[in-house]
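Engineer: Structure: run-v3.txt, compact mmCIF, C-alpha atoms.
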```
# COMPACT_ATOMS: atom_id res chain seq x y z
CA MET N 1 78.58 72.96 47.32
CA LYS N 2 78.87 69.54 48.89
CA LYS N 3 82.05 68.93 46.97
CA THR N 4 83.54 72.22 48.16
CA ILE N 5 82.73 71.45 51.80
CA TYR N 6 84.24 67.99 51.37
CA TYR N 7 87.47 69.40 49.96
CA ILE N 8 87.76 72.17 52.57
CA LEU N 9 87.09 69.75 55.42
CA THR N 10 89.65 67.30 54.06
CA LEU N 11 92.26 70.04 53.80
CA TRP N 12 91.50 71.21 57.32
CA ILE N 13 91.47 67.76 58.92
CA PHE N 14 94.81 66.72 57.43
CA LEU N 15 96.39 70.03 58.34
CA TRP N 16 95.33 69.41 61.93
CA LEU N 17 96.52 65.83 61.80
CA GLN N 18 99.93 66.91 60.53
CA VAL N 19 100.30 69.67 63.12
CA VAL N 20 99.26 67.35 65.97
CA SER N 21 101.63 64.67 64.69
CA ASN N 22 104.49 67.15 64.40
CA HIS N 23 103.77 68.40 67.90
CA PHE N 24 104.12 65.00 69.52
CA LEU N 25 106.43 63.10 67.15
CA GLY N 26 108.31 65.90 65.41
CA GLY N 27 111.52 65.35 67.34
CA THR N 28 111.62 61.63 66.64
CA LEU N 29 112.86 59.94 63.51
CA PHE N 30 109.44 58.42 62.79
CA SER N 31 107.13 61.39 62.28
CA VAL N 32 104.63 60.42 59.58
CA GLN N 33 103.88 62.83 56.77
CA TRP N 34 100.12 62.46 56.65
CA ILE N 35 99.67 65.25 54.13
CA LEU N 36 102.09 63.71 51.66
CA LEU N 37 100.22 60.41 51.92
CA ALA N 38 96.89 62.17 51.37
CA VAL N 39 98.31 63.95 48.31
CA LEU N 40 99.47 60.60 46.93
CA HIS N 41 96.03 59.12 47.53
CA TYR N 42 94.31 61.92 45.65
CA GLY N 43 96.85 61.75 42.85
CA LEU N 44 96.35 58.01 42.47
CA SER N 45 92.59 58.04 42.82
CA SER N 46 91.58 61.28 41.09
CA GLY N 47 94.45 62.09 38.77
CA PRO N 48 97.24 64.68 38.64
CA TRP N 49 94.95 67.72 38.56
CA VAL N 50 93.44 67.00 41.98
CA GLY N 51 96.71 65.66 43.42
CA GLU N 52 98.79 68.68 42.55
CA SER N 53 96.06 71.14 43.55
CA PHE N 54 95.75 69.55 46.98
CA GLY N 55 99.53 69.38 47.22
CA PHE N 56 99.95 73.05 46.43
CA ILE N 57 97.38 74.27 48.97
CA TRP N 58 98.56 71.95 51.73
CA GLY N 59 102.18 72.81 50.98
CA LEU N 60 101.53 76.54 51.26
CA LEU N 61 99.74 76.06 54.57
CA ILE N 62 102.57 73.94 55.95
CA ASP N 63 105.16 76.49 54.80
CA ALA N 64 103.18 79.30 56.39
CA SER N 65 102.62 77.47 59.67
CA SER N 66 106.32 76.70 60.11
CA LEU N 67 107.40 80.13 58.86
CA GLY N 68 109.77 78.22 56.62
CA LEU N 69 110.52 78.94 52.97
CA LEU N 70 107.17 79.79 51.44
CA GLY N 71 106.75 77.64 48.35
CA LEU N 72 109.10 74.81 49.29
CA HIS N 73 106.54 72.27 50.48
CA ALA N 74 104.08 73.64 47.94
CA THR N 75 106.50 72.69 45.15
CA LEU N 76 107.34 69.27 46.53
CA PHE N 77 103.78 68.24 47.39
CA SER N 78 102.57 69.42 43.98
CA LEU N 79 105.24 67.35 42.27
CA ALA N 80 104.28 64.34 44.40
CA GLY N 81 100.60 64.76 43.49
CA TYR N 82 101.47 65.10 39.83
CA ALA N 83 103.73 62.04 39.87
CA ALA N 84 101.04 59.99 41.59
CA GLY N 85 98.47 61.14 39.04
CA ILE N 86 100.73 60.36 36.10
CA TYR N 87 101.47 56.83 37.31
CA ARG N 88 97.92 56.01 38.41
CA ARG N 89 97.22 53.97 35.28
CA GLN N 90 100.35 51.88 35.71
CA LEU N 91 99.68 51.19 39.39
CA ASP N 92 96.93 49.28 41.10
CA SER N 93 96.47 51.60 44.04
CA SER N 94 94.00 49.27 45.75
CA LYS N 95 96.83 46.84 46.53
CA LEU N 96 98.46 47.19 49.91
CA TRP N 97 102.00 46.63 48.70
CA THR N 98 101.58 49.13 45.90
CA GLN N 99 100.50 51.76 48.40
CA CYS N 100 103.43 50.98 50.68
CA ILE N 101 106.16 50.83 48.06
CA PHE N 102 104.93 53.82 46.07
CA SER N 103 104.64 55.90 49.26
CA TRP N 104 108.12 54.87 50.32
CA MET N 105 109.62 55.79 46.95
CA VAL N 106 107.90 59.15 46.69
CA SER N 107 108.74 59.99 50.32
CA PHE N 108 112.38 59.20 49.71
CA VAL N 109 112.52 61.36 46.58
CA TYR N 110 110.62 64.09 48.44
CA PHE N 111 113.21 64.13 51.23
CA ALA N 112 116.13 64.05 48.83
CA LEU N 113 114.73 67.05 46.95
CA TYR N 114 113.87 68.82 50.19
CA LEU N 115 117.40 68.48 51.50
CA LEU N 116 118.87 69.47 48.17
CA ILE N 117 116.83 72.67 47.99
CA VAL N 118 117.43 73.56 51.64
CA ARG N 119 121.14 72.97 51.25
CA PHE N 120 121.16 75.03 48.08
CA LEU N 121 119.37 77.94 49.76
CA SER N 122 121.33 77.88 53.02
CA VAL N 123 124.92 77.57 54.11
CA GLY N 124 126.73 75.46 56.71
CA GLU N 125 127.40 71.79 57.10
CA ASP N 126 124.57 69.66 58.40
CA PRO N 127 125.00 66.23 59.97
CA PHE N 128 123.63 63.26 58.03
CA PRO N 129 119.83 63.54 58.10
CA TRP N 130 118.83 60.10 59.37
CA HIS N 131 115.16 60.89 58.99
CA ILE N 132 115.61 60.63 55.22
CA LEU N 133 115.80 56.87 55.84
CA THR N 134 113.31 56.45 58.65
CA VAL N 135 110.41 58.78 57.78
CA PRO N 136 109.77 57.18 54.34
CA LEU N 137 109.53 53.84 56.16
CA ALA N 138 107.03 55.29 58.62
CA ASN N 139 105.10 56.75 55.67
CA ALA N 140 105.10 53.39 53.90
CA VAL N 141 103.73 51.64 56.99
CA MET N 142 100.96 54.20 57.47
CA ALA N 143 100.06 54.58 53.77
CA PRO N 144 97.40 51.80 53.71
CA VAL N 145 95.73 53.32 56.78
CA VAL N 146 95.56 56.77 55.18
CA PHE N 147 94.40 55.41 51.83
CA ARG N 148 91.67 53.35 53.48
CA ALA N 149 90.59 56.24 55.71
CA LEU N 150 90.33 58.60 52.75
CA GLN N 151 88.33 56.04 50.74
CA PHE N 152 85.96 55.72 53.65
CA TRP N 153 85.81 59.52 54.01
CA ALA N 154 84.91 59.84 50.32
CA GLN N 155 82.20 57.20 50.69
CA VAL N 156 80.71 59.05 53.64
CA TRP N 157 80.41 62.12 51.43
CA ASP N 158 79.36 60.03 48.45
CA MET N 159 82.32 61.32 46.47
CA THR N 160 83.52 58.86 43.89
CA PRO N 161 86.92 59.72 42.41
CA GLN N 162 86.56 61.39 39.05
CA GLU N 163 89.17 60.51 36.49
CA ARG N 164 90.57 63.38 34.54
CA GLN N 165 92.51 63.18 31.38
CA SER N 166 96.11 64.26 31.46
CA MET X 1 91.08 70.20 18.50
CA ASP X 2 92.73 72.93 20.57
CA TRP X 3 90.34 72.22 23.40
CA GLU X 4 91.28 68.53 23.31
CA LEU X 5 94.92 69.49 23.43
CA TYR X 6 94.24 71.69 26.43
CA GLU X 7 92.34 68.90 28.19
CA ARG X 8 95.20 66.52 27.48
CA TYR X 9 97.88 68.75 28.96
CA ARG X 10 95.80 70.54 31.55
CA SER X 11 97.47 68.97 34.56
CA THR X 12 100.94 69.59 33.11
CA LEU X 13 100.06 73.22 32.51
CA LEU X 14 98.78 73.49 36.07
CA LEU X 15 102.00 71.97 37.38
CA ALA X 16 104.04 74.45 35.35
CA GLY X 17 101.96 77.28 36.80
CA ILE X 18 102.38 75.95 40.33
CA LEU X 19 106.13 75.59 39.90
CA PHE X 20 106.36 79.11 38.53
CA VAL X 21 104.38 80.57 41.44
CA SER X 22 106.37 78.54 43.99
CA ALA X 23 109.66 79.63 42.42
CA PHE X 24 108.45 83.23 42.65
CA PHE X 25 107.65 82.77 46.35
CA LEU X 26 111.03 81.14 47.00
CA ALA X 27 112.94 83.82 45.15
CA PHE X 28 111.10 86.79 46.65
CA GLN X 29 110.59 85.63 50.26
CA LYS X 30 111.27 89.07 51.70
CA THR X 31 109.05 91.14 49.42
CA SER X 32 106.01 92.70 51.00
CA SER X 33 103.54 90.86 48.74
CA VAL X 34 104.93 87.44 49.73
CA GLN X 35 105.05 88.52 53.36
CA HIS X 36 101.40 89.57 53.18
CA LEU X 37 100.44 86.26 51.64
CA ARG X 38 102.32 84.45 54.39
CA ALA X 39 100.54 86.51 57.06
CA PHE X 40 97.22 85.65 55.42
CA LEU X 41 98.00 81.91 55.31
CA VAL X 42 99.24 81.90 58.89
CA ARG X 43 95.73 82.84 60.00
CA PHE X 44 94.52 79.48 58.64
CA ALA X 45 97.49 77.40 59.62
CA LEU X 46 98.24 78.63 63.10
CA PRO X 47 95.02 77.89 65.03
CA PRO X 48 95.83 74.16 65.36
CA GLN X 49 99.27 74.98 66.70
CA ARG X 50 97.90 77.55 69.13
CA TYR X 51 95.28 75.10 70.32
CA LEU X 52 97.90 72.43 70.87
CA THR X 53 100.08 74.79 72.84
CA GLN X 54 97.15 75.73 75.04
CA LEU X 55 96.26 72.06 75.39
CA HIS X 56 99.80 71.33 76.42
CA ASN X 57 99.59 74.12 78.93
CA SER X 58 96.51 72.28 80.21
CA ASP X 59 94.22 74.44 82.29
CA ALA X 60 96.89 77.00 83.06
CA PRO X 61 95.71 80.56 82.54
CA ALA X 62 97.04 82.33 79.48
CA VAL X 63 99.96 84.53 80.42
CA GLN X 64 99.45 88.20 79.82
CA ASP X 65 102.27 90.62 79.63
CA GLN X 66 102.21 92.82 82.64
CA GLY X 67 101.35 92.67 86.32
CA SER X 68 98.04 90.85 85.89
CA ALA X 69 99.99 87.77 84.92
CA GLU X 70 101.35 87.20 88.38
CA SER X 71 97.93 87.30 89.97
CA ALA X 72 96.69 84.91 87.28
CA VAL X 73 99.11 82.23 88.44
CA PRO X 74 98.32 81.47 92.06
CA PRO X 75 100.60 79.12 93.96
CA LEU X 76 99.40 75.52 94.03
CA ALA X 77 100.21 73.26 96.95
CA SER X 78 101.74 70.00 95.81
CA SER X 79 99.99 68.25 98.71
CA ASP X 80 96.67 68.93 96.97
CA VAL X 81 97.67 66.62 94.18
CA GLY X 82 97.56 63.48 96.24
CA VAL X 83 93.90 63.60 97.32
CA LEU X 84 92.40 63.48 93.82
CA GLY X 85 91.66 60.55 91.47
CA GLY X 86 93.65 59.40 88.41
CA GLU X 87 92.62 61.76 85.59
CA GLU X 88 92.20 64.79 87.82
CA ASN X 89 95.45 63.98 89.57
CA ARG X 90 97.26 63.92 86.26
CA LYS X 91 95.69 67.18 85.13
CA LEU X 92 96.54 68.80 88.41
CA GLN X 93 100.09 67.57 88.17
CA VAL X 94 100.45 69.07 84.70
CA LEU X 95 98.88 72.26 85.98
CA THR X 96 101.28 72.35 88.90
CA GLU X 97 104.29 71.93 86.64
CA GLU X 98 103.03 74.57 84.22
CA ASN X 99 102.23 76.83 87.13
CA ASP X 100 105.75 76.47 88.51
CA ARG X 101 107.25 77.12 85.12
CA LEU X 102 105.21 80.29 84.57
CA ARG X 103 105.94 81.53 88.08
CA GLU X 104 109.64 81.04 87.45
CA ILE X 105 109.45 83.00 84.22
CA LEU X 106 107.37 85.78 85.71
CA SER X 107 109.56 86.04 88.76
CA LEU X 108 112.66 86.34 86.61
CA LYS X 109 110.93 88.83 84.35
CA ARG X 110 109.98 90.98 87.35
CA GLU X 111 113.43 90.81 88.90
CA LYS X 112 115.70 91.21 85.91
CA TRP X 113 113.83 92.15 82.74
CA PRO X 114 110.59 93.94 83.55
CA ARG X 115 110.12 94.96 79.93
CA ALA X 116 110.62 91.47 78.53
CA MET X 117 107.71 89.66 76.96
CA VAL X 118 106.46 86.16 77.73
CA ALA X 119 105.65 84.13 74.61
CA HIS X 120 104.55 80.56 74.08
CA VAL X 121 106.03 78.14 71.58
CA ALA X 122 103.34 77.86 68.91
CA GLY X 123 104.94 75.41 66.53
CA ARG X 124 107.95 73.42 65.39
CA ASP X 125 108.94 72.16 61.98
CA PRO X 126 110.14 68.56 62.32
CA GLN X 127 112.56 69.03 59.45
CA ARG X 128 114.14 71.99 61.23
CA TRP X 129 113.70 70.78 64.80
CA PHE X 130 117.07 71.95 66.05
CA GLN X 131 117.14 75.11 63.98
CA GLU X 132 113.99 77.06 64.74
CA LEU X 133 110.70 77.36 66.53
CA VAL X 134 107.66 79.56 66.13
CA LEU X 135 106.37 81.86 68.88
CA ASP X 136 102.80 83.07 69.30
CA LYS X 137 103.81 86.74 69.50
CA GLY X 138 104.83 89.00 66.65
CA LYS X 139 105.51 92.52 65.51
CA GLU X 140 102.23 93.86 66.82
CA ASP X 141 103.09 92.50 70.26
CA GLY X 142 106.39 94.38 70.24
CA LEU X 143 108.82 91.72 69.02
CA ALA X 144 111.57 92.66 66.60
CA ILE X 145 114.24 90.86 64.60
CA ASP X 146 117.35 89.91 66.64
CA ASP X 147 115.58 90.14 70.01
CA PRO X 148 117.25 87.64 72.39
CA VAL X 149 115.08 84.73 73.54
CA LEU X 150 115.57 83.13 76.96
CA ALA X 151 114.04 80.20 78.82
CA VAL X 152 113.94 79.66 82.55
CA VAL X 153 115.55 76.48 83.82
CA GLY X 154 115.69 75.79 87.55
CA GLY X 155 114.93 79.39 88.43
CA ARG X 156 117.71 80.76 86.22
CA GLU X 157 117.59 82.09 82.73
CA ALA X 158 119.17 80.20 79.85
CA LEU X 159 119.79 81.40 76.33
CA VAL X 160 117.53 79.88 73.66
CA GLY X 161 118.34 81.92 70.58
CA ARG X 162 117.28 85.06 68.78
CA VAL X 163 114.27 86.23 66.80
CA LEU X 164 114.92 85.65 63.14
CA GLU X 165 111.67 86.72 61.48
CA VAL X 166 108.59 88.53 62.68
CA SER X 167 105.17 88.78 61.14
CA ALA X 168 102.14 90.47 62.64
CA HIS X 169 101.26 87.89 65.30
CA VAL X 170 103.93 85.19 65.13
CA SER X 171 107.69 85.11 64.95
CA LYS X 172 110.42 82.63 64.17
CA VAL X 173 113.34 82.02 66.52
CA MET X 174 116.74 80.77 65.43
CA LEU X 175 117.86 78.33 68.11
CA LEU X 176 121.40 78.16 69.45
CA GLN X 177 121.50 74.62 68.06
CA ASP X 178 121.23 75.93 64.49
CA SER X 179 124.57 75.44 62.74
CA LEU X 180 124.30 79.03 61.48
CA SER X 181 124.06 80.39 65.03
CA ALA X 182 127.16 81.90 66.65
CA VAL X 183 127.26 83.59 70.05
CA ALA X 184 130.21 85.26 71.78
CA ALA X 185 130.69 83.35 75.04
CA THR X 186 132.96 83.06 78.02
CA VAL X 187 133.70 80.37 80.58
CA THR X 188 132.76 81.42 84.10
CA GLY X 189 135.26 81.42 86.96
CA ASP X 190 138.80 82.67 87.23
CA ARG X 191 139.77 81.36 83.83
CA GLY X 192 137.34 83.60 81.94
CA GLU X 193 138.32 82.28 78.54
CA ASP X 194 136.35 83.59 75.60
CA GLY X 195 135.18 81.70 72.56
CA VAL X 196 132.27 81.37 70.16
CA VAL X 197 129.38 78.99 70.76
CA GLU X 198 128.10 77.45 67.55
CA GLY X 199 125.21 75.09 66.87
CA THR X 200 125.54 71.60 65.46
CA ASP X 201 121.95 70.95 64.31
CA GLU X 202 121.75 68.49 67.20
CA HIS X 203 121.22 68.81 70.95
CA GLN X 204 124.76 69.76 71.88
CA LEU X 205 126.66 72.97 71.17
CA LEU X 206 130.33 73.67 70.45
CA LEU X 207 132.46 76.29 72.18
CA LYS X 208 135.14 77.01 69.59
CA TYR X 209 138.46 78.84 69.36
CA LEU X 210 139.79 78.07 72.84
CA ASP X 211 143.52 78.24 73.32
CA ARG X 212 145.33 74.90 72.98
CA GLY X 213 146.60 75.28 76.53
CA THR X 214 143.15 76.05 77.85
CA GLN X 215 142.32 75.43 81.49
CA VAL X 216 138.63 74.90 80.77
CA LYS X 217 137.41 71.64 82.26
CA ILE X 218 134.34 69.46 82.12
CA GLY X 219 131.48 70.90 84.15
CA ASP X 220 132.40 74.57 83.63
CA LEU X 221 129.49 76.90 82.91
CA VAL X 222 129.58 78.92 79.69
CA VAL X 223 127.72 82.24 79.54
CA THR X 224 127.26 85.07 77.07
CA THR X 225 129.89 87.83 77.07
CA GLY X 226 127.55 90.59 75.94
CA LEU X 227 130.02 91.60 73.23
CA GLY X 228 128.32 93.17 70.26
CA LYS X 229 125.23 93.89 72.36
CA ALA X 230 123.31 91.11 70.62
CA PHE X 231 122.74 89.30 73.92
CA PRO X 232 122.89 90.51 77.51
CA PRO X 233 126.06 89.42 79.36
CA GLY X 234 126.11 86.55 81.84
CA VAL X 235 123.23 84.51 80.46
CA PRO X 236 123.99 80.77 80.80
CA ILE X 237 124.39 78.90 77.53
CA GLY X 238 125.49 75.45 78.70
CA TRP X 239 127.97 73.27 80.54
CA VAL X 240 131.16 71.75 79.18
CA VAL X 241 130.80 67.99 78.76
CA ASN X 242 133.80 67.23 76.56
CA MET X 243 137.03 68.82 75.32
CA GLU X 244 138.93 68.00 72.15
CA PRO X 245 141.12 69.65 69.52
CA ASP X 246 139.22 71.09 66.57
CA PRO X 247 139.48 69.26 63.20
CA ARG X 248 142.34 71.53 62.07
CA GLN X 249 144.23 70.99 65.36
CA MET X 250 144.69 74.73 65.76
CA PHE X 251 142.38 75.33 68.70
CA MET X 252 140.59 73.38 71.37
CA GLN X 253 136.83 73.12 71.27
CA ALA X 254 134.40 72.18 74.01
CA THR X 255 131.16 70.27 73.56
CA LEU X 256 128.39 71.88 75.62
CA HIS X 257 125.24 70.49 77.12
CA ALA X 258 122.76 73.29 76.40
CA ALA X 259 121.28 74.94 79.50
CA ALA X 260 117.91 75.27 77.72
CA ARG X 261 117.00 71.96 76.10
CA SER X 262 115.18 72.82 72.89
CA ASN X 263 112.86 69.82 73.36
CA GLU X 264 111.50 71.11 76.64
CA LEU X 265 110.58 74.64 75.64
CA ARG X 266 106.98 75.72 76.25
CA ALA X 267 107.16 79.37 77.28
CA VAL X 268 110.05 81.78 76.76
CA LEU X 269 111.08 85.33 77.57
CA VAL X 270 111.79 87.65 74.68
CA LEU X 271 113.96 90.62 75.52
CA GLY X 272 113.25 93.67 73.41
CA ALA X 273 115.90 96.22 72.54
CA SER X 274 115.14 97.82 75.90
CA GLY X 275 115.04 94.50 77.65
CA THR X 276 118.74 93.91 77.33
CA SER X 277 119.60 97.18 79.04
CA ASP X 278 117.33 96.66 82.03
CA GLU X 279 119.87 94.74 84.00
```
Could you show the structure in this file as structure tokens?
Structural biologist:
Amino acid sequence: MKKTIYYILTLWIFLWLQVVSNHFLGGTLFSVQWILLAVLHYGLSSGPWVGESFGFIWGLLIDASSLGLLGLHATLFSLAGYAAGIYRRQLDSSKLWTQCIFSWMVSFVYFALYLLIVRFLSVGEDPFPWHILTVPLANAVMAPVVFRALQFWAQVWDMTPQERQS
Amino acid sequence: MDWELYERYRSTLLLAGILFVSAFFLAFQKTSSVQHLRAFLVRFALPPQRYLTQLHNSDAPAVQDQGSAESAVPPLASSDVGVLGGEENRKLQVLTEENDRLREILSLKREKWPRAMVAHVAGRDPQRWFQELVLDKGKEDGLAIDDPVLAVVGGREALVGRVLEVSAHVSKVMLLQDSLSAVAATVTGDRGEDGVVEGTDEHQLLLKYLDRGTQVKIGDLVVTTGLGKAFPPGVPIGWVVNMEPDPRQMFMQATLHAAARSNELRAVLVLGASGTSDE
């Protein structure tokens, strides 16, 4: 029961955080993707199962809230959670630089895939999306903050990450 | 042994399932089952956006549709603002601005489009900032696909875009700035040259297909023609800020400064099918 409340609250809080962030920083080139960072944290700390599950639910909620393509963010966040979970044994996620660089790389790949899918499903010529360069940087800078906050949040709820086999 | 194998590949199997479900959603966006799921998810995802919109509108009363709305927005003297302290002063200032904005919209609605509906911007997707926005009204409030959406700027209406998708209580608007948007337009004044305004996925718009000997000049106002009945005629779209030949050198094209800046939209007017004929 406690675990369920913890997961639901986490989902809800980060959804709010993302919506608030989009509201105030969405038009800038430095809007942070808090949900993506949280998915990476859960992938790295609890394995691919938790990472991709969180990614899928958050992705669906983001797709629904923006009335965008339902399933697009769900796919990308799930892949990010899975990738984080798969590489968790090769990475020391407690290190600051690891968090930054891994977040930057995944964010970049996420944006590249996002643009590829959107371009594939729509028509017209878009200008060069500069945020593909800037948002991953913003994500990398904020990754340690999110990782630390989520560790603290788990401690408050006495939730130690459970490793799962993959 | 089989159980061990399952445990080993459990996360991969889950990913495959997720990808399959997501691909299904992407491929069948318009089916009723996916639309129902979206409507269900919106109930969870929209409250934060609605709250933020209300927060942004500060203490301003929520705008209803008909006559009660006008009485709900009493005039506020700007001189009152000066006598209060910092925080209250700021809140009052925001309230005053919001008040003015709503009064402008309601006044225009009363004068020109009595059957139009006032809706608030409920959300934006940062990745599609110049393409779309989400309104807090939907099918059950009377909105329909292709309804024109206007904003009020300086007491005059300005074209924002058209309704692209509607669900029960929210709807998505395609902005003029979307590169897929095209609106029949004309330049005001004696010249009256027609063209097509297209989006660029950035702030500015392009008025295309002008004659190479065009007399259009910087500062001219561009409005809708009303051709095709998609939009009412005479609604301002933007002002000409630059003229240049198009990439193929066959026509001239004008860069427009949009009359309704997509970054400043809070409340909009949605004209129903009847709304366009009320003029």
Engineer: Which residues are near Arg88 in chain N? Cut-off 12 Å, all atoms listed in the file, ignore same chain within fewer than 5 positions. Put them as number ranges by chain.
Structural biologist: N: 40-48, 51, 81-83, 93-94, 98-99, 102, 163-166
Engineer: Tell me the residues of chain X close to chain N, meaning within 7 Å using only C-alpha atoms, as a list in words.
Structural biologist: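 The contacting residues on chain X are Glu7, Arg8, Tyr9, Arg10, Ser11, Leu15, Leu19, Ser22, Ala23, Phe25, Leu26, Gln29, Arg38, Leu41, Val42, Ala45, Leu46, Pro48, Gln49, Gly123, Arg124, Asp125, Pro126, Trp129, Val134, Lys172, Ser179, Leu180 and Asp201 of chain X.
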Engineer: How would the residues just picked look written out with C-alpha atoms as a short mmCIF file (atom, residue, chain, number, x, y, z; two decimals), in the coordinates of the input?
Structural biologist:
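Saved to selection_8.cif:
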```
data_model
loop_
_atom_site.label_atom_id
_atom_site.label_comp_id
_atom_site.auth_asym_id
_atom_site.auth_seq_id
_atom_site.Cartn_x
_atom_site.Cartn_y
_atom_site.Cartn_z
CA GLU X 7 92.34 68.90 28.19
CA ARG X 8 95.20 66.52 27.48
CA TYR X 9 97.88 68.75 28.96
CA ARG X 10 95.80 70.54 31.55
CA SER X 11 97.47 68.97 34.56
CA LEU X 15 102.00 71.97 37.38
CA LEU X 19 106.13 75.59 39.90
CA SER X 22 106.37 78.54 43.99
CA ALA X 23 109.66 79.63 42.42
CA PHE X 25 107.65 82.77 46.35
CA LEU X 26 111.03 81.14 47.00
CA GLN X 29 110.59 85.63 50.26
CA ARG X 38 102.32 84.45 54.39
CA LEU X 41 98.00 81.91 55.31
CA VAL X 42 99.24 81.90 58.89
CA ALA X 45 97.49 77.40 59.62
CA LEU X 46 98.24 78.63 63.10
CA PRO X 48 95.83 74.16 65.36
CA GLN X 49 99.27 74.98 66.70
CA GLY X 123 104.94 75.41 66.53
CA ARG X 124 107.95 73.42 65.39
CA ASP X 125 108.94 72.16 61.98
CA PRO X 126 110.14 68.56 62.32
CA TRP X 129 113.70 70.78 64.80
CA VAL X 134 107.66 79.56 66.13
CA LYS X 172 110.42 82.63 64.17
CA SER X 179 124.57 75.44 62.74
CA LEU X 180 124.30 79.03 61.48
CA ASP X 201 121.95 70.95 64.31
#
```
Engineer: What's the separation between CA of Thr225 in chain X and CA of Gly238 in chain X, in Å to one decimal place?
Structural biologist: 13.2 Å
Engineer: With only C-alpha atoms as the basis for distance, which of N:Leu96, N:Ala143, N:Leu133, N:Val106 is at the shortest distance from Leu37 in chain N?
Structural biologist: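 Going through N:Leu96, N:Ala143, N:Leu133, N:Val106 one by one, the smallest distance to Leu37 in chain N is for N:Ala143.
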Engineer: So how far away is CA of Trp113 in chain X from CA of Val153 in chain X, in Å?
Structural biologist: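 CA of Val153 in chain X sits 15.8 Å away from CA of Trp113 in chain X.
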Engineer: Could you tell me how far CA of Ala80 in chain N sits from CA of Pro136 in chain N, in Å to one decimal place?
Structural biologist: 13.4 Å
Engineer: Considering only C-alpha atoms, return as JSON, numbers by chain whatever protein or nucleic-acid residues lie within 10 Å of range 4-10 of chain N, sequence-local ones (same chain, fewer than 2 positions apart) excluded.
Structural biologist: {"N": [1, 2, 12, 13, 14, 15, 16, 38, 54, 150, 153, 154, 156, 157, 158, 159]}
Engineer: I need the chosen residues saved as a PDB file, in the frame of the given file, with C-alpha atoms.
Structural biologist:
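See selection28.pdb below for the written result:
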```pdb
ATOM      1  CA  MET N   1      78.580  72.960  47.320  1.00  0.00           C
ATOM      2  CA  LYS N   2      78.870  69.540  48.890  1.00  0.00           C
ATOM      3  CA  TRP N  12      91.500  71.210  57.320  1.00  0.00           C
ATOM      4  CA  ILE N  13      91.470  67.760  58.920  1.00  0.00           C
ATOM      5  CA  PHE N  14      94.810  66.720  57.430  1.00  0.00           C
ATOM      6  CA  LEU N  15      96.390  70.030  58.340  1.00  0.00           C
ATOM      7  CA  TRP N  16      95.330  69.410  61.930  1.00  0.00           C
ATOM      8  CA  ALA N  38      96.890  62.170  51.370  1.00  0.00           C
ATOM      9  CA  PHE N  54      95.750  69.550  46.980  1.00  0.00           C
ATOM     10  CA  LEU N 150      90.330  58.600  52.750  1.00  0.00           C
ATOM     11  CA  TRP N 153      85.810  59.520  54.010  1.00  0.00           C
ATOM     12  CA  ALA N 154      84.910  59.840  50.320  1.00  0.00           C
ATOM     13  CA  VAL N 156      80.710  59.050  53.640  1.00  0.00           C
ATOM     14  CA  TRP N 157      80.410  62.120  51.430  1.00  0.00           C
ATOM     15  CA  ASP N 158      79.360  60.030  48.450  1.00  0.00           C
ATOM     16  CA  MET N 159      82.320  61.320  46.470  1.00  0.00           C
TER      17      MET N 159
END
```
Engineer: Looking at all atoms listed in the file, which of X:Asp146, X:Gly192, X:Phe130, X:Gly138 is the one that sits closest to Val166 in chain X?
Structural biologist: X:Gly138
